[in-house]
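Below is coords-v9.pdb, which holds PDB, C-alpha atoms, pLDDT in the B column.
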```pdb
ATOM      1  CA  MET D   1     158.824 122.941-275.115  1.00 67.00           C
ATOM      2  CA  LYS D   2     157.313 124.514-271.982  1.00 73.00           C
ATOM      3  CA  GLN D   3     156.529 127.677-273.892  1.00 80.00           C
ATOM      4  CA  ASN D   4     154.871 125.751-276.701  1.00 82.00           C
ATOM      5  CA  VAL D   5     152.557 123.975-274.259  1.00 80.00           C
ATOM      6  CA  PHE D   6     151.652 127.283-272.624  1.00 77.00           C
ATOM      7  CA  LEU D   7     150.960 128.901-275.981  1.00 78.00           C
ATOM      8  CA  ARG D   8     148.773 125.973-277.056  1.00 80.00           C
ATOM      9  CA  PHE D   9     146.696 126.115-273.821  1.00 79.00           C
ATOM     10  CA  ALA D  10     146.599 129.933-273.854  1.00 79.00           C
ATOM     11  CA  GLN D  11     144.430 129.838-276.949  1.00 84.00           C
ATOM     12  CA  HIS D  12     141.493 128.394-275.000  1.00 84.00           C
ATOM     13  CA  ARG D  13     139.165 130.341-272.734  1.00 87.00           C
ATOM     14  CA  ALA D  14     138.845 127.438-270.264  1.00 88.00           C
ATOM     15  CA  PHE D  15     142.596 127.627-269.596  1.00 86.00           C
ATOM     16  CA  TRP D  16     142.317 131.278-268.545  1.00 88.00           C
ATOM     17  CA  HIS D  17     139.288 130.584-266.333  1.00 90.00           C
ATOM     18  CA  ALA D  18     141.139 127.710-264.664  1.00 90.00           C
ATOM     19  CA  ARG D  19     144.255 129.849-264.226  1.00 89.00           C
ATOM     20  CA  LYS D  20     142.153 132.638-262.698  1.00 92.00           C
ATOM     21  CA  ALA D  21     140.493 130.184-260.278  1.00 94.00           C
ATOM     22  CA  VAL D  22     143.837 128.686-259.236  1.00 93.00           C
ATOM     23  CA  SER D  23     145.343 132.155-258.754  1.00 93.00           C
ATOM     24  CA  LYS D  24     142.355 133.160-256.626  1.00 95.00           C
ATOM     25  CA  VAL D  25     142.718 130.068-254.415  1.00 95.00           C
ATOM     26  CA  VAL D  26     146.475 130.634-254.055  1.00 95.00           C
ATOM     27  CA  PHE D  27     145.879 134.287-253.185  1.00 96.00           C
ATOM     28  CA  THR D  28     143.216 133.362-250.605  1.00 95.00           C
ATOM     29  CA  PHE D  29     145.523 130.876-248.886  1.00 95.00           C
ATOM     30  CA  ALA D  30     148.437 133.320-248.975  1.00 95.00           C
ATOM     31  CA  SER D  31     146.322 136.100-247.467  1.00 95.00           C
ATOM     32  CA  LYS D  32     145.037 133.784-244.710  1.00 94.00           C
ATOM     33  CA  ALA D  33     148.606 132.704-243.935  1.00 94.00           C
ATOM     34  CA  TYR D  34     149.728 136.344-243.841  1.00 94.00           C
ATOM     35  CA  LYS D  35     146.881 137.302-241.504  1.00 94.00           C
ATOM     36  CA  ALA D  36     147.678 134.351-239.218  1.00 93.00           C
ATOM     37  CA  ASN D  37     151.348 135.333-239.168  1.00 93.00           C
ATOM     38  CA  GLN D  38     150.468 138.949-238.365  1.00 91.00           C
ATOM     39  CA  SER D  39     148.109 137.824-235.602  1.00 89.00           C
ATOM     40  CA  LEU D  40     150.868 135.735-234.024  1.00 91.00           C
ATOM     41  CA  GLN D  41     153.322 138.628-234.256  1.00 89.00           C
ATOM     42  CA  ASP D  42     150.772 140.999-232.690  1.00 84.00           C
ATOM     43  CA  LEU D  43     150.062 138.475-229.943  1.00 86.00           C
ATOM     44  CA  GLY D  44     153.770 138.187-229.189  1.00 87.00           C
ATOM     45  CA  SER D  45     154.188 141.946-229.124  1.00 84.00           C
ATOM     46  CA  ASP D  46     151.108 142.358-226.920  1.00 82.00           C
ATOM     47  CA  SER D  47     152.343 139.725-224.475  1.00 85.00           C
ATOM     48  CA  ARG D  48     155.749 141.424-224.219  1.00 87.00           C
ATOM     49  CA  SER D  49     154.042 144.773-223.593  1.00 83.00           C
ATOM     50  CA  MET D  50     151.742 143.227-220.993  1.00 84.00           C
ATOM     51  CA  ARG D  51     154.720 141.599-219.253  1.00 87.00           C
ATOM     52  CA  SER D  52     156.414 145.014-219.073  1.00 86.00           C
ATOM     53  CA  ILE D  53     153.288 146.596-217.608  1.00 83.00           C
ATOM     54  CA  VAL D  54     153.004 143.805-215.016  1.00 86.00           C
ATOM     55  CA  PHE D  55     156.659 144.218-214.000  1.00 88.00           C
ATOM     56  CA  LEU D  56     156.139 147.971-213.622  1.00 87.00           C
ATOM     57  CA  THR D  57     153.103 147.524-211.383  1.00 87.00           C
ATOM     58  CA  ALA D  58     154.295 144.515-209.356  1.00 92.00           C
ATOM     59  CA  VAL D  59     156.287 146.489-206.759  1.00 92.00           C
ATOM     60  CA  PRO D  60     153.514 149.024-205.918  1.00 93.00           C
ATOM     61  CA  LEU D  61     150.978 146.188-205.760  1.00 93.00           C
ATOM     62  CA  LEU D  62     153.212 144.201-203.413  1.00 95.00           C
ATOM     63  CA  CYS D  63     153.754 147.278-201.216  1.00 95.00           C
ATOM     64  CA  ALA D  64     149.994 147.857-200.998  1.00 94.00           C
ATOM     65  CA  PHE D  65     149.445 144.201-200.059  1.00 95.00           C
ATOM     66  CA  ILE D  66     152.134 144.371-197.347  1.00 96.00           C
ATOM     67  CA  ALA D  67     150.617 147.597-195.972  1.00 95.00           C
ATOM     68  CA  ALA D  68     147.151 145.990-195.846  1.00 92.00           C
ATOM     69  CA  VAL D  69     148.496 142.934-194.013  1.00 93.00           C
ATOM     70  CA  ALA D  70     150.431 145.159-191.581  1.00 93.00           C
ATOM     71  CA  LEU D  71     147.305 147.192-190.816  1.00 87.00           C
ATOM     72  CA  GLN D  72     145.242 144.050-190.330  1.00 87.00           C
ATOM     73  CA  VAL D  73     147.806 142.558-187.925  1.00 88.00           C
ATOM     74  CA  SER D  74     148.337 145.824-186.010  1.00 88.00           C
ATOM     75  CA  ASP D  75     144.576 146.353-185.584  1.00 82.00           C
ATOM     76  CA  GLN D  76     144.465 144.148-182.489  1.00 81.00           C
ATOM     77  CA  TRP D  77     147.381 145.999-180.910  1.00 84.00           C
ATOM     78  CA  PHE D  78     145.879 149.437-181.664  1.00 83.00           C
ATOM     79  CA  CYS D  79     142.484 148.416-180.250  1.00 80.00           C
ATOM     80  CA  GLY D  80     144.184 147.386-177.017  1.00 81.00           C
ATOM     81  CA  PHE D  81     146.208 150.598-176.968  1.00 83.00           C
ATOM     82  CA  PHE D  82     143.115 152.816-177.387  1.00 80.00           C
ATOM     83  CA  THR D  83     141.188 150.868-174.789  1.00 80.00           C
ATOM     84  CA  ALA D  84     144.066 151.084-172.276  1.00 83.00           C
ATOM     85  CA  HIS D  85     144.305 154.859-172.693  1.00 82.00           C
ATOM     86  CA  HIS D  86     140.528 155.355-172.476  1.00 81.00           C
ATOM     87  CA  LEU D  87     140.259 156.637-176.042  1.00 80.00           C
ATOM     88  CA  GLN D  88     136.997 156.099-177.852  1.00 78.00           C
ATOM     89  CA  LEU D  89     136.948 154.090-181.065  1.00 73.00           C
ATOM     90  CA  LEU D  90     134.500 155.147-183.713  1.00 72.00           C
ATOM     91  CA  ASP D  91     131.870 152.805-185.037  1.00 76.00           C
ATOM     92  CA  ASP D  92     132.841 150.786-188.148  1.00 76.00           C
ATOM     93  CA  SER D  93     130.068 152.385-190.216  1.00 82.00           C
ATOM     94  CA  ASN D  94     131.701 155.809-189.712  1.00 81.00           C
ATOM     95  CA  TYR D  95     134.938 154.519-191.221  1.00 81.00           C
ATOM     96  CA  VAL D  96     133.075 153.013-194.147  1.00 85.00           C
ATOM     97  CA  THR D  97     131.264 156.288-194.816  1.00 90.00           C
ATOM     98  CA  PHE D  98     134.485 158.281-194.514  1.00 88.00           C
ATOM     99  CA  LEU D  99     136.403 155.993-196.892  1.00 87.00           C
ATOM    100  CA  ALA D 100     133.505 155.948-199.367  1.00 92.00           C
ATOM    101  CA  ALA D 101     133.470 159.758-199.383  1.00 94.00           C
ATOM    102  CA  ILE D 102     137.229 159.895-199.957  1.00 93.00           C
ATOM    103  CA  GLY D 103     136.942 157.327-202.751  1.00 92.00           C
ATOM    104  CA  SER D 104     134.120 159.254-204.389  1.00 94.00           C
ATOM    105  CA  ILE D 105     136.009 162.543-204.249  1.00 95.00           C
ATOM    106  CA  GLY D 106     139.102 160.819-205.653  1.00 91.00           C
ATOM    107  CA  GLY D 107     137.032 159.304-208.463  1.00 91.00           C
ATOM    108  CA  VAL D 108     135.590 162.686-209.408  1.00 94.00           C
ATOM    109  CA  PHE D 109     139.034 164.300-209.501  1.00 91.00           C
ATOM    110  CA  ILE D 110     140.454 161.433-211.561  1.00 90.00           C
ATOM    111  CA  GLY D 111     137.543 161.751-213.991  1.00 90.00           C
ATOM    112  CA  LEU D 112     138.024 165.513-214.320  1.00 91.00           C
ATOM    113  CA  TYR D 113     141.760 165.049-214.790  1.00 89.00           C
ATOM    114  CA  TYR D 114     141.202 162.423-217.499  1.00 86.00           C
ATOM    115  CA  ALA D 115     138.657 164.633-219.280  1.00 90.00           C
ATOM    116  CA  ALA D 116     141.021 167.620-219.222  1.00 89.00           C
ATOM    117  CA  ILE D 117     143.969 165.568-220.473  1.00 88.00           C
ATOM    118  CA  ALA D 118     141.835 163.999-223.229  1.00 85.00           C
ATOM    119  CA  THR D 119     140.624 167.447-224.344  1.00 88.00           C
ATOM    120  CA  VAL D 120     144.123 168.897-224.481  1.00 86.00           C
ATOM    121  CA  ALA D 121     145.515 165.788-226.178  1.00 81.00           C
ATOM    122  CA  SER D 122     142.784 165.768-228.836  1.00 82.00           C
ATOM    123  CA  ALA D 123     143.344 169.459-229.556  1.00 83.00           C
ATOM    124  CA  MET D 124     147.087 168.850-229.951  1.00 81.00           C
ATOM    125  CA  TYR D 125     146.510 165.612-231.868  1.00 78.00           C
ATOM    126  CA  SER D 126     144.514 167.418-234.547  1.00 79.00           C
ATOM    127  CA  ARG D 127     147.530 169.615-235.387  1.00 82.00           C
ATOM    128  CA  VAL D 128     150.044 166.754-235.596  1.00 78.00           C
ATOM    129  CA  PRO D 129     151.282 165.673-239.059  1.00 83.00           C
ATOM    130  CA  SER D 130     149.742 162.478-240.391  1.00 83.00           C
ATOM    131  CA  ASN D 131     152.938 160.405-240.208  1.00 81.00           C
ATOM    132  CA  LEU D 132     153.301 161.224-236.511  1.00 79.00           C
ATOM    133  CA  ARG D 133     149.609 160.383-235.984  1.00 77.00           C
ATOM    134  CA  ASP D 134     150.238 156.988-237.563  1.00 80.00           C
ATOM    135  CA  LEU D 135     153.094 156.379-235.131  1.00 78.00           C
ATOM    136  CA  LEU D 136     150.886 157.317-232.171  1.00 74.00           C
ATOM    137  CA  ALA D 137     148.138 155.001-233.417  1.00 75.00           C
ATOM    138  CA  GLN D 138     150.598 152.088-233.449  1.00 76.00           C
ATOM    139  CA  ASP D 139     151.702 152.541-229.821  1.00 74.00           C
ATOM    140  CA  ARG D 140     151.783 148.975-228.450  1.00 71.00           C
ATOM    141  CA  PHE D 141     151.786 149.863-224.743  1.00 70.00           C
ATOM    142  CA  GLY D 142     148.741 152.113-225.044  1.00 72.00           C
ATOM    143  CA  ILE D 143     146.820 149.547-227.061  1.00 72.00           C
ATOM    144  CA  VAL D 144     147.635 146.716-224.635  1.00 72.00           C
ATOM    145  CA  TYR D 145     146.869 148.864-221.605  1.00 69.00           C
ATOM    146  CA  MET D 146     143.474 149.898-222.953  1.00 69.00           C
ATOM    147  CA  GLN D 147     142.604 146.274-223.812  1.00 70.00           C
ATOM    148  CA  PHE D 148     143.775 144.933-220.430  1.00 64.00           C
ATOM    149  CA  PRO D 149     140.453 144.993-218.501  1.00 60.00           C
ATOM    150  CA  SER D 150     138.535 143.343-221.326  1.00 52.00           C
TER     151      SER D 150
END
```
Using structure tokens, write down the structure that the file contains.
Amino acid sequence: MKQNVFLRFAQHRAFWHARKAVSKVVFTFASKAYKANQSLQDLGSDSRSMRSIVFLTAVPLLCAFIAAVALQVSDQWFCGFFTAHHLQLLDDSNYVTFLAAIGSIGGVFIGLYYAAIATVASAMYSRVPSNLRDLLAQDRFGIVYMQFPS
């Protein structure tokens, strides 16, 4: 019976146009649902990767914060110590200039290091087989880390 009804409708052009339109709508909804599902899976994976990165950097960040607080608290004691022993303290602007110079030099070396590593990596990357390149392109930690500041 079902096949007879299909065969009867299949003889008309309007049936095929309607079937095409329905199939297109079903495909559109299915593709949107798939994209939404993939987005949620990527979001979950990104959040797990970000949590791992945060846990890796929490201890050094906490140590830096403790060191800054310790230096701030000990500043009063050191000022008294230098004054008691008749040692001259430099002006604050000298410290600022010195630290800015150190930061600038460090920034230049980090930039040169990054440029050298990127050059070597790109030269090696060009000789890697395509399936290994695909694996490197799907690295979750690298993707999350590069998107972190934005």
**Asked** Applied to this file, what does the PyMOL selection byres ((chain D and resi 141) around 10) return in terms of residues, put as a VMD selection string?
**Response** chain D and resid 45 to 46 48 to 50 52 to 53 138 to 140 142 to 147
CA of Ala84 (chain D) sits from CA of Leu99 (chain D) at a separation of 26.2 Å
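CA of Thr119 (chain D) is positioned 16.3 Å from CA of Arg133 (chain D).
Proximity to Phe6 (chain D) was assessed for D:Phe65, D:Ala121, D:Arg19, D:Leu56 counting only C-alpha atoms; the smallest distance is recorded for D:Arg19.
A straight line drawn from CA of Trp16 (chain D) to CA of Gln3 (chain D) is 15.6 Å long.
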Please define a box with edges along x, y and z of the file around all atoms of region 103-111 of chain D given in the file, extend it by 6 Å on each side, and return its centre and edge lengths in Å to one decimal, as lines of an AutoDock Vina configuration file.
```
center_x = 137.3
center_y = 160.8
center_z = -208.4
size_x = 18.3
size_y = 19.0
size_z = 23.2
```
